[in-house]
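Enquirer: Sharing a structure below in C-alpha cells format, with a few things to ask.
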Amino acid sequence: NVELVVEEALIEEINTVPDDITGTVKLKGSINGAPISLDLSKLNITPIVEVVGQVTVTDFDLNELGELLAEVLDPFVGKAGIDGNVNFRMEGSDIGAAYDGSISLNDADLGGTGWATAGTLSYEGKLSYDMKLPQIAIAVDGDLRAQKYTFNMPEPKIDLGNEDILISGRTTVDIIGGVNVESTASLTLAPTTYIAEGMKAGAGDTSWAGQILFNTAKKDEPLAVKLDGQLSIAEPSFNLMQEKGEMEVGNNLLSWDGKFEYGLNQGDAGGSYVKTDGVFLAKETFFKQPESVEVKQSELKIAGVSEVGLGKETAVTYSGDVDLGKSDVLMGDIAISEESISWKGDLSYTLKDTAQLVGLKGSLDVDGVAFDMAGPGLHVSQDK
C-alpha cells in the first residue's frame, strides 16, 4: 500500500485559460513516512501542458513496493530520494522534459530469479529528453556513482564486486533515422574482482578519459564506434583452474593513448574494419602454465598506425615502432632470454581466397639473446 499524507497545501490561480500560466502549487507532507515537498512555480494545463518547479522526496523505502513487484523483483530493498528542479512541457506530440538535481538509491538490495545486485547509487547533474518526431534527443551531464557494488549469480557462478565506480561528464543520444551517441564522460574504477566457475579475474585502479562516438548504420553507411582518449588499467590479472593447476596471466599496467575505430559495412560491401592510431603499453607481464611454461616480460610498447580489414579478403597493415624489453621464457629445462627487441617500419599481410602475401619493410634490432638447455649443459648467446 502507498499512503500519502498532506500536511500543507497551497494552490493559487489554477485555470485553463491558454495564455494564463500564473498558477502555482505548493505541497508538503509524506509518502509512506518519507518526507516530500512540491513547489511548482509554473503550471499550465491546456492547450499546452507545462510544469516547472522543485520536487523533493527523502528516504522513500522501496520495501513498501516489495509486495507489488514480488513476481519480478525479490528482494526490492533500499532508500530512494530525489531533490531537484523539474521542467516538463507537452505541446501536441512534442514533449520536452528536463531535470537538474540529485537522485539517490541508498543501501539497495535487488534481485530476481538467479541473480542479485546490491550497492549505493547516486546521480548529481542534469537530464533532458526532447521529442519532436521523427527526432528524439537525450542528454545526460553529471556524476553517476556506484559504491560497494556487487552482482551475483549462482549458476553459472558469477561474483562481481567494486567499491567505487564513477562516471562523470556529458553524454548525448540523438535518434533520427539511426542512433548517434557522443560521450566525453570519464570513467574511474576502484579495484575490481570477478569470479566465475573455475576462473578469477581482477584489476586495480582503472580510468578512461576521452571521447566516444557511436552510430548505428544508416543505409549505405557503416556502423561505427570511435574512441579517442586514454585508458589505464593497473594490475590486471586472469587465473584459470586447469587439470594440472592454475594458469596465471597478469601485468603491472596496461594502457592505451590514442584513437580506435571499429566499422561494420552495410550493403554489398559487407565486411568490417578496425583502425588504431596511438600508443599501447604493457608493463611487467607474466604468464604461467602449470608444468609447461613460464614467461616474464618487462615492457612492451607499440606506437603506430594499424588497420585490419575483414571481408572478401583479409588485409592487415601496420606502420610504426614495436619495442620489447627484457624477456625470459622457461620451459622445463630450456631457458630463452633477450634484453631487448625493437622493430621500426611497415608490416602487411593479405589473404584472398587461398593466396597469402606478407610484406616487411624496416629495421629489426635484437640485443642480448641467450638459449640454455640444462640437461646437456648447452648454452648459446648472441650480443647483438
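Please note that chains go A, B, ... in the order of the C-alpha cells, that every chain numbers its residues from 1, and that ligands are numbered from 1 in the order shown.
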Within 9 Å of range 180-190 of chain A, which residues of range 209-287 of chain A show up? Give each one with its shortest atom-to-atom distance in Å (one decimal) and the two atoms involved, counting only C-alpha atoms, rows by chain then rising residue number, as JSON lines.
Expert:
```
{"residue": "A:Ala209", "atom": "CA", "partner": "A:Ser186", "partner_atom": "CA", "distance": 4.7}
{"residue": "A:Gly210", "atom": "CA", "partner": "A:Thr184", "partner_atom": "CA", "distance": 5.7}
{"residue": "A:Gln211", "atom": "CA", "partner": "A:Thr184", "partner_atom": "CA", "distance": 4.6}
{"residue": "A:Ile212", "atom": "CA", "partner": "A:Ser183", "partner_atom": "CA", "distance": 5.1}
{"residue": "A:Leu213", "atom": "CA", "partner": "A:Glu182", "partner_atom": "CA", "distance": 4.7}
{"residue": "A:Phe214", "atom": "CA", "partner": "A:Val181", "partner_atom": "CA", "distance": 5.0}
{"residue": "A:Asn215", "atom": "CA", "partner": "A:Asn180", "partner_atom": "CA", "distance": 4.3}
{"residue": "A:Thr216", "atom": "CA", "partner": "A:Asn180", "partner_atom": "CA", "distance": 6.7}
```
Enquirer: Excluding Thr206 in chain A and residues on its chain fewer than 6 positions from it, collect all residues at most 12 Å away from it, counting only C-alpha atoms, and give them as a short mmCIF file (atom, residue, chain, number, x, y, z; two decimals) with all heavy atoms, in the first residue's frame.
Expert:
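Once written, result_3.cif looks like this:
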```cif
data_model
loop_
_atom_site.label_atom_id
_atom_site.label_comp_id
_atom_site.auth_asym_id
_atom_site.auth_seq_id
_atom_site.Cartn_x
_atom_site.Cartn_y
_atom_site.Cartn_z
N ASN A 162 32.89 -4.15 -6.85
CA ASN A 162 33.71 -2.95 -6.96
C ASN A 162 33.27 -1.96 -5.88
O ASN A 162 32.08 -1.72 -5.70
CB ASN A 162 33.57 -2.30 -8.34
CG ASN A 162 34.59 -1.21 -8.56
OD1 ASN A 162 34.51 -0.14 -7.98
ND2 ASN A 162 35.57 -1.47 -9.42
N ASP A 164 33.95 1.36 -5.70
CA ASP A 164 33.65 2.73 -6.12
C ASP A 164 33.75 2.87 -7.63
O ASP A 164 34.83 2.68 -8.21
CB ASP A 164 34.61 3.72 -5.44
CG ASP A 164 34.16 5.17 -5.57
OD1 ASP A 164 33.05 5.41 -6.07
OD2 ASP A 164 34.93 6.06 -5.17
N ILE A 165 32.63 3.18 -8.28
CA ILE A 165 32.57 3.40 -9.72
C ILE A 165 32.04 4.81 -9.96
O ILE A 165 31.00 5.18 -9.41
CB ILE A 165 31.64 2.38 -10.40
CG1 ILE A 165 32.09 0.94 -10.12
CG2 ILE A 165 31.57 2.62 -11.91
CD1 ILE A 165 31.09 -0.12 -10.55
N LEU A 166 32.74 5.59 -10.77
CA LEU A 166 32.31 6.96 -11.05
C LEU A 166 32.35 7.23 -12.55
O LEU A 166 33.39 7.06 -13.19
CB LEU A 166 33.21 7.97 -10.32
CG LEU A 166 32.94 9.46 -10.62
CD1 LEU A 166 31.54 9.86 -10.17
CD2 LEU A 166 33.99 10.34 -9.95
N ILE A 167 31.20 7.66 -13.09
CA ILE A 167 31.11 8.13 -14.48
C ILE A 167 30.76 9.60 -14.41
O ILE A 167 29.72 9.98 -13.85
CB ILE A 167 30.04 7.36 -15.27
CG1 ILE A 167 30.37 5.86 -15.27
CG2 ILE A 167 29.96 7.88 -16.70
CD1 ILE A 167 29.28 5.00 -15.89
N SER A 186 34.11 10.73 -18.31
CA SER A 186 35.26 9.95 -17.84
C SER A 186 34.76 8.82 -16.95
O SER A 186 33.67 8.88 -16.38
CB SER A 186 36.22 10.85 -17.06
OG SER A 186 35.58 11.37 -15.89
N LEU A 187 35.59 7.79 -16.83
CA LEU A 187 35.27 6.62 -16.00
C LEU A 187 36.43 6.33 -15.07
O LEU A 187 37.58 6.27 -15.51
CB LEU A 187 35.00 5.40 -16.89
CG LEU A 187 34.89 4.05 -16.18
CD1 LEU A 187 33.63 4.00 -15.31
CD2 LEU A 187 34.90 2.90 -17.19
N THR A 188 36.14 6.16 -13.79
CA THR A 188 37.16 5.71 -12.84
C THR A 188 36.58 4.56 -12.03
O THR A 188 35.44 4.62 -11.58
CB THR A 188 37.61 6.85 -11.89
OG1 THR A 188 36.47 7.37 -11.20
CG2 THR A 188 38.28 7.96 -12.66
N LEU A 189 37.40 3.52 -11.86
CA LEU A 189 37.00 2.34 -11.12
C LEU A 189 38.01 2.05 -10.03
O LEU A 189 39.22 2.07 -10.26
CB LEU A 189 36.94 1.11 -12.04
CG LEU A 189 35.98 1.13 -13.24
CD1 LEU A 189 36.19 -0.11 -14.09
CD2 LEU A 189 34.55 1.20 -12.77
N ALA A 190 37.51 1.78 -8.83
CA ALA A 190 38.37 1.23 -7.79
C ALA A 190 38.69 -0.21 -8.18
O ALA A 190 38.13 -0.75 -9.14
CB ALA A 190 37.65 1.30 -6.45
N PRO A 191 39.60 -0.89 -7.48
CA PRO A 191 39.92 -2.28 -7.81
C PRO A 191 38.68 -3.15 -7.95
O PRO A 191 37.74 -3.07 -7.14
CB PRO A 191 40.79 -2.72 -6.64
CG PRO A 191 41.48 -1.46 -6.22
CD PRO A 191 40.47 -0.37 -6.39
N THR A 192 38.67 -3.96 -9.02
CA THR A 192 37.52 -4.80 -9.37
C THR A 192 37.88 -6.27 -9.26
O THR A 192 38.99 -6.68 -9.63
CB THR A 192 37.07 -4.50 -10.82
OG1 THR A 192 36.78 -3.11 -10.95
CG2 THR A 192 35.85 -5.31 -11.20
N GLN A 230 42.48 8.21 -23.35
CA GLN A 230 43.48 7.47 -22.58
C GLN A 230 42.79 6.46 -21.66
O GLN A 230 41.90 6.82 -20.89
CB GLN A 230 44.33 8.41 -21.73
CG GLN A 230 45.11 9.46 -22.51
CD GLN A 230 44.26 10.67 -22.85
OE1 GLN A 230 43.50 11.16 -22.02
NE2 GLN A 230 44.41 11.17 -24.07
N LEU A 231 43.24 5.21 -21.75
CA LEU A 231 42.76 4.13 -20.90
C LEU A 231 43.93 3.59 -20.09
O LEU A 231 45.00 3.31 -20.64
CB LEU A 231 42.14 3.01 -21.74
CG LEU A 231 41.74 1.73 -20.99
CD1 LEU A 231 40.58 2.01 -20.04
CD2 LEU A 231 41.38 0.62 -21.97
N SER A 232 43.72 3.43 -18.77
CA SER A 232 44.77 2.89 -17.91
C SER A 232 44.17 1.84 -16.99
O SER A 232 43.16 2.11 -16.32
CB SER A 232 45.41 4.01 -17.09
OG SER A 232 46.37 3.50 -16.18
N ILE A 233 44.79 0.65 -16.95
CA ILE A 233 44.34 -0.44 -16.09
C ILE A 233 45.53 -0.92 -15.27
O ILE A 233 46.51 -1.43 -15.82
CB ILE A 233 43.77 -1.61 -16.91
CG1 ILE A 233 42.67 -1.14 -17.86
CG2 ILE A 233 43.23 -2.71 -15.98
CD1 ILE A 233 42.17 -2.21 -18.81
N ALA A 234 45.44 -0.76 -13.96
CA ALA A 234 46.53 -1.18 -13.08
C ALA A 234 46.33 -2.64 -12.66
O ALA A 234 45.23 -3.05 -12.33
CB ALA A 234 46.58 -0.29 -11.84
N GLU A 235 47.40 -3.40 -12.73
CA GLU A 235 47.46 -4.77 -12.22
C GLU A 235 46.29 -5.66 -12.68
O GLU A 235 45.63 -6.30 -11.87
CB GLU A 235 47.52 -4.74 -10.70
CG GLU A 235 48.75 -4.02 -10.17
CD GLU A 235 48.81 -3.99 -8.66
OE1 GLU A 235 47.78 -4.26 -8.02
OE2 GLU A 235 49.89 -3.70 -8.11
N PRO A 236 46.03 -5.73 -14.00
CA PRO A 236 45.02 -6.69 -14.46
C PRO A 236 45.53 -8.12 -14.29
O PRO A 236 46.73 -8.38 -14.42
CB PRO A 236 44.84 -6.33 -15.93
CG PRO A 236 46.16 -5.74 -16.33
CD PRO A 236 46.66 -5.00 -15.11
N LEU A 253 50.73 -3.03 -15.44
CA LEU A 253 49.98 -1.91 -16.03
C LEU A 253 49.70 -2.19 -17.50
O LEU A 253 50.56 -2.65 -18.24
CB LEU A 253 50.78 -0.61 -15.91
CG LEU A 253 50.19 0.63 -16.61
CD1 LEU A 253 48.93 1.09 -15.89
CD2 LEU A 253 51.21 1.76 -16.67
N LEU A 254 48.46 -1.88 -17.92
CA LEU A 254 48.10 -1.83 -19.33
C LEU A 254 47.56 -0.43 -19.62
O LEU A 254 46.75 0.10 -18.84
CB LEU A 254 47.00 -2.86 -19.66
CG LEU A 254 47.38 -4.33 -19.73
CD1 LEU A 254 46.14 -5.18 -20.04
CD2 LEU A 254 48.47 -4.58 -20.77
N SER A 255 48.00 0.16 -20.73
CA SER A 255 47.48 1.50 -21.06
C SER A 255 47.40 1.68 -22.56
O SER A 255 48.12 1.04 -23.34
CB SER A 255 48.37 2.59 -20.45
OG SER A 255 49.63 2.64 -21.08
N TRP A 256 46.48 2.56 -22.97
CA TRP A 256 46.32 2.94 -24.37
C TRP A 256 46.11 4.45 -24.41
O TRP A 256 45.33 5.00 -23.64
CB TRP A 256 45.13 2.22 -24.99
CG TRP A 256 44.73 2.79 -26.33
CD1 TRP A 256 43.70 3.65 -26.60
CD2 TRP A 256 45.39 2.57 -27.58
NE1 TRP A 256 43.67 3.98 -27.93
CE2 TRP A 256 44.70 3.32 -28.57
CE3 TRP A 256 46.49 1.82 -27.96
CZ2 TRP A 256 45.07 3.33 -29.89
CZ3 TRP A 256 46.88 1.83 -29.30
CH2 TRP A 256 46.17 2.57 -30.25
#
```
Enquirer: Determine, for each residue of range 222-263 of chain A having at least one atom at most 8 Å from an atom of range 284-288 of chain A, the closest pair of atoms and their separation in Å to one decimal, counting only C-alpha atoms; order by chain and ascending number, as JSON lines.
Expert:
```
{"residue": "A:Met247", "atom": "CA", "partner": "A:Lys288", "partner_atom": "CA", "distance": 5.6}
{"residue": "A:Glu248", "atom": "CA", "partner": "A:Lys288", "partner_atom": "CA", "distance": 5.1}
{"residue": "A:Val249", "atom": "CA", "partner": "A:Phe287", "partner_atom": "CA", "distance": 4.6}
{"residue": "A:Gly250", "atom": "CA", "partner": "A:Phe286", "partner_atom": "CA", "distance": 5.5}
{"residue": "A:Asn251", "atom": "CA", "partner": "A:Thr285", "partner_atom": "CA", "distance": 4.3}
{"residue": "A:Asn252", "atom": "CA", "partner": "A:Glu284", "partner_atom": "CA", "distance": 5.2}
{"residue": "A:Leu253", "atom": "CA", "partner": "A:Glu284", "partner_atom": "CA", "distance": 7.3}
```
Enquirer: Those same residues - N, CA and C atoms - I'd like them written as an mmCIF file, in the first residue's frame.
Expert:
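Result saved to selection_18.cif:
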```
data_model
loop_
_atom_site.group_PDB
_atom_site.id
_atom_site.type_symbol
_atom_site.label_atom_id
_atom_site.label_comp_id
_atom_site.auth_asym_id
_atom_site.auth_seq_id
_atom_site.Cartn_x
_atom_site.Cartn_y
_atom_site.Cartn_z
ATOM 1 N N MET A 247 46.414 -21.678 -14.298
ATOM 2 C CA MET A 247 47.083 -20.828 -15.278
ATOM 3 C C MET A 247 46.942 -19.377 -14.821
ATOM 4 N N GLU A 248 48.032 -18.609 -14.882
ATOM 5 C CA GLU A 248 48.018 -17.218 -14.426
ATOM 6 C C GLU A 248 48.546 -16.294 -15.522
ATOM 7 N N VAL A 249 47.827 -15.199 -15.736
ATOM 8 C CA VAL A 249 48.255 -14.154 -16.667
ATOM 9 C C VAL A 249 48.040 -12.810 -15.978
ATOM 10 N N GLY A 250 49.018 -11.897 -16.115
ATOM 11 C CA GLY A 250 48.825 -10.607 -15.477
ATOM 12 C C GLY A 250 49.855 -9.582 -15.917
ATOM 13 N N ASN A 251 49.619 -8.355 -15.469
ATOM 14 C CA ASN A 251 50.517 -7.233 -15.763
ATOM 15 C C ASN A 251 50.583 -6.311 -14.561
ATOM 16 N N ASN A 252 51.582 -5.469 -14.551
ATOM 17 C CA ASN A 252 51.609 -4.366 -13.602
ATOM 18 C C ASN A 252 50.761 -3.211 -14.101
ATOM 19 N N LEU A 253 50.732 -3.026 -15.441
ATOM 20 C CA LEU A 253 49.980 -1.912 -16.025
ATOM 21 C C LEU A 253 49.698 -2.187 -17.498
#
```
Enquirer: So that I can check the surroundings of Val369 in chain A, please list as a CSV table (one decimal) with C-alpha atoms, in the first residue's frame every protein, DNA and RNA residue that reaches within 12 Å of it, counting only C-alpha atoms and ignoring chain neighbours fewer than 4 positions away.
Expert:
```
chain,number,residue,atom,x,y,z
A,325,GLY,CA,62.0,-5.0,-23.2
A,326,LYS,CA,63.8,-7.8,-21.3
A,327,SER,CA,62.0,-11.2,-21.6
A,328,ASP,CA,62.6,-14.6,-20.1
A,329,VAL,CA,60.9,-17.9,-21.1
A,335,ALA,CA,65.5,-21.2,-20.9
A,336,ILE,CA,65.3,-18.4,-23.5
A,337,SER,CA,66.0,-14.8,-22.8
A,338,GLU,CA,66.6,-11.5,-24.5
A,339,GLU,CA,67.5,-8.0,-23.4
A,340,SER,CA,65.6,-6.0,-26.0
A,341,ILE,CA,63.9,-6.4,-29.4
A,365,ASP,CA,67.3,-4.9,-33.7
A,379,HIS,CA,74.5,-22.5,-23.8
A,380,VAL,CA,74.2,-20.3,-26.9
A,381,SER,CA,74.2,-16.5,-26.8
A,382,GLN,CA,74.4,-13.5,-29.2
A,383,ASP,CA,75.2,-9.9,-28.0
A,384,LYS,CA,73.5,-8.2,-31.0
```
Enquirer: Write down as a list in words the residues belonging to range 32-93 of chain A that are assigned helix (DSSP H, G or I) by DSSP computed on the backbone.
Expert: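 Secondary structure check on range 32-93 of chain A, helix (DSSP H, G or I): Leu62, Asn63, Glu64, Leu65, Gly66, Glu67, Leu68 and Leu69 of chain A.
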Enquirer: Output all heavy atoms for every residue in that selection, as a short mmCIF file (atom, residue, chain, number, x, y, z; two decimals), in the first residue's frame.
Expert:
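Output below, filename out24.cif:
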```cif
data_model
loop_
_atom_site.label_atom_id
_atom_site.label_comp_id
_atom_site.auth_asym_id
_atom_site.auth_seq_id
_atom_site.Cartn_x
_atom_site.Cartn_y
_atom_site.Cartn_z
N LEU A 62 11.93 1.49 -0.53
CA LEU A 62 11.49 0.65 -1.64
C LEU A 62 10.77 -0.60 -1.18
O LEU A 62 9.99 -1.19 -1.93
CB LEU A 62 12.70 0.26 -2.50
CG LEU A 62 13.45 1.39 -3.20
CD1 LEU A 62 14.53 0.81 -4.10
CD2 LEU A 62 12.52 2.26 -4.00
N ASN A 63 11.04 -1.02 0.04
CA ASN A 63 10.39 -2.21 0.56
C ASN A 63 8.87 -2.06 0.59
O ASN A 63 8.13 -3.05 0.59
CB ASN A 63 10.91 -2.53 1.96
CG ASN A 63 10.58 -3.94 2.40
OD1 ASN A 63 10.70 -4.88 1.62
ND2 ASN A 63 10.13 -4.08 3.63
N GLU A 64 8.40 -0.80 0.61
CA GLU A 64 6.95 -0.54 0.59
C GLU A 64 6.32 -1.02 -0.72
O GLU A 64 5.12 -1.28 -0.78
CB GLU A 64 6.69 0.96 0.77
CG GLU A 64 7.22 1.55 2.06
CD GLU A 64 6.42 1.11 3.27
OE1 GLU A 64 5.33 0.54 3.09
OE2 GLU A 64 6.89 1.32 4.41
N LEU A 65 7.15 -1.12 -1.77
CA LEU A 65 6.65 -1.59 -3.07
C LEU A 65 7.00 -3.05 -3.31
O LEU A 65 6.72 -3.59 -4.38
CB LEU A 65 7.25 -0.74 -4.20
CG LEU A 65 7.01 0.78 -4.10
CD1 LEU A 65 7.73 1.49 -5.24
CD2 LEU A 65 5.53 1.10 -4.14
N GLY A 66 7.63 -3.69 -2.32
CA GLY A 66 8.10 -5.06 -2.50
C GLY A 66 7.01 -6.04 -2.86
O GLY A 66 7.17 -6.89 -3.74
N GLU A 67 5.87 -5.93 -2.18
CA GLU A 67 4.79 -6.87 -2.44
C GLU A 67 4.24 -6.72 -3.86
O GLU A 67 3.92 -7.69 -4.53
CB GLU A 67 3.67 -6.65 -1.42
CG GLU A 67 2.54 -7.67 -1.51
CD GLU A 67 1.50 -7.48 -0.43
OE1 GLU A 67 1.79 -6.79 0.59
OE2 GLU A 67 0.39 -8.02 -0.58
N LEU A 68 4.17 -5.47 -4.32
CA LEU A 68 3.65 -5.19 -5.66
C LEU A 68 4.56 -5.77 -6.74
O LEU A 68 4.10 -6.24 -7.79
CB LEU A 68 3.51 -3.67 -5.84
CG LEU A 68 3.01 -3.16 -7.19
CD1 LEU A 68 1.58 -3.62 -7.42
CD2 LEU A 68 3.10 -1.64 -7.25
N LEU A 69 5.89 -5.75 -6.50
CA LEU A 69 6.86 -6.17 -7.51
C LEU A 69 7.45 -7.56 -7.24
O LEU A 69 8.40 -7.96 -7.90
CB LEU A 69 8.01 -5.15 -7.58
CG LEU A 69 7.61 -3.73 -7.95
CD1 LEU A 69 8.80 -2.80 -7.80
CD2 LEU A 69 7.06 -3.67 -9.37
#
```
Enquirer: Quick one: distance from CA of Val51 in chain A to CA of Leu4 in chain A in Å, one decimal?
Expert: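 Atom-to-atom, CA of Val51 in chain A to CA of Leu4 in chain A, that is 20.9 Å.
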Enquirer: Residues near Glu163 in chain A, anyone? I mean within 7 Å using only C-alpha atoms, not counting same-chain ones fewer than 4 positions away, as an NGL selection string.
Expert: :A and (147-149 or 190)
Enquirer: Considering only C-alpha atoms, can you say which of A:Asp141, A:Glu50, A:Asp59, A:Glu71 comes closest to Ile95 in chain A?
Expert: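 The shortest atom-to-atom distance to Ile95 in chain A comes from A:Glu50.
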Enquirer: Please provide the set of residues having any atom within 9 Å of Val49 in chain A, restricted to only C-alpha atoms, with same-chain residues fewer than 3 positions apart removed, written as a ChimeraX atom specification.
Expert: /A:43-46,88-91
Enquirer: Please determine, counting only C-alpha atoms, which residue among A:Asp367, A:Asp257, A:Glu7, A:Glu197 has the shortest atom-to-atom distance to Leu281 in chain A.
Expert: A:Asp257
Enquirer: Any idea what the distance is between CA of Val305 in chain A and CA of Ala224 in chain A?
Expert: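 Here the two named atoms are 18.2 Å from each other.
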Enquirer: Using DSSP secondary structure from the backbone, list all strand (DSSP E) positions within range 95-335 of chain A, as number ranges by chain.
Expert: A: 95-112, 115-132, 135-154, 157-176, 178-183, 186-189, 192-196, 199-203, 206-215, 223-234, 237-242, 245-250, 253-264, 272-289, 293-310, 313-324, 327-331, 334-335
Enquirer: May I ask which of the residues A:Asp130, A:Glu3, A:Asp94, A:Asp228 is the closest one to Gly29 in chain A, counting only C-alpha atoms?
Expert: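 Once distances to Gly29 in chain A are computed over only C-alpha atoms, the minimum belongs to A:Glu3.
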Enquirer: Determine, counting only C-alpha atoms, which protein, DNA and RNA residues have an atom within 7 Å of an atom of Leu160 in chain A; residues of the same chain fewer than 4 positions away are not included. Present the result as a ChimeraX atom specification.
Expert: /A:150-152,193-195
Enquirer: Nearest residue to Gly96 in chain A out of A:Met373, A:Ile48, A:Leu110, A:Ala118, using only C-alpha atoms?
Expert: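 Using only C-alpha atoms, the shortest distance to Gly96 in chain A belongs to A:Ile48.
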Enquirer: Give me, please, the distance in Å between CA of Gly270 in chain A and CA of Gln135 in chain A, quoted to one decimal.
Expert: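 Taking CA of Gly270 in chain A as the start and CA of Gln135 in chain A as the end point, the length is 28.0 Å.
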